[in-house]
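**Student:** Just passing along the structure, written as structure tokens.
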Amino acid sequence: MFTPEEIESIPVSIEKLFKDLQLRVMTDVVRRLKSVRDISASADYQMSRLYEIGESKEEI
């Protein structure tokens, strides 16, 4: 059984996981853009996934 404090910390842990994921994906997208100077299919796919998990279009 979880304590109330443990239950309250769960959303914080999940938010951190998503922020880390967003940073890794955005770093990879930038790396791809720098290497080919164009948006590849895989970079486009990653950008659409970032948008789906809550990243703003302006930030992407």
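Chain labels follow the order of the structure tokens: the first chain is A, the next B, and so on; residue numbering restarts at 1 in every chain, and ligands are counted from 1 in their shown order.
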Got a sec to tell me which of chain A DSSP assigns to alpha helix (DSSP H), as a ChimeraX atom specification?

**Tutor:** /A:4-36,41-52

**Student:** Leaving out range 41-47 of chain A and any residue of its chain fewer than 4 positions from it, which residues lie within 9 Å of it when counting only C-alpha atoms, given as a VMD selection string?

**Tutor:** chain A and resid 25 to 26 28 to 30 32 to 33 51 to 52 57 60

**Student:** Could those selected residues go to a file with N, CA and C atoms, as a tab-separated table (two decimals), in the first residue's frame?

**Tutor:**
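Written file, again_36.tsv:
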chain	number	residue	atom	x	y	z
A	25	VAL	N	14.38	13.43	-27.48
A	25	VAL	CA	13.85	13.44	-28.85
A	25	VAL	C	14.20	14.75	-29.54
A	26	MET	N	14.05	15.88	-28.85
A	26	MET	CA	14.37	17.16	-29.48
A	26	MET	C	15.86	17.25	-29.82
A	28	ASP	N	17.76	14.74	-30.63
A	28	ASP	CA	17.95	13.89	-31.80
A	28	ASP	C	17.44	14.58	-33.07
A	29	VAL	N	16.30	15.26	-32.98
A	29	VAL	CA	15.76	15.98	-34.14
A	29	VAL	C	16.74	17.05	-34.59
A	30	VAL	N	17.29	17.81	-33.66
A	30	VAL	CA	18.25	18.87	-34.00
A	30	VAL	C	19.50	18.25	-34.64
A	32	ARG	N	19.65	15.52	-36.37
A	32	ARG	CA	19.29	15.10	-37.72
A	32	ARG	C	19.20	16.31	-38.67
A	33	LEU	N	18.62	17.40	-38.17
A	33	LEU	CA	18.49	18.59	-39.01
A	33	LEU	C	19.86	19.16	-39.36
A	51	TYR	N	4.69	16.54	-30.30
A	51	TYR	CA	3.46	17.32	-30.22
A	51	TYR	C	2.36	16.52	-29.52
A	52	GLU	N	2.28	15.23	-29.82
A	52	GLU	CA	1.26	14.38	-29.22
A	52	GLU	C	1.44	14.23	-27.71
A	57	LYS	N	4.02	23.49	-30.51
A	57	LYS	CA	4.59	23.60	-31.87
A	57	LYS	C	5.68	24.66	-31.89
A	60	ILE	N	8.84	23.06	-30.50
A	60	ILE	CA	9.40	22.09	-31.45
A	60	ILE	C	10.08	22.85	-32.57

**Student:** Closest to Lys19 in chain A among A:Ile53, A:Arg37, A:Glu58, A:Pro4, using only C-alpha atoms?

**Tutor:**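 Nearest to Lys19 in chain A: A:Ile53.
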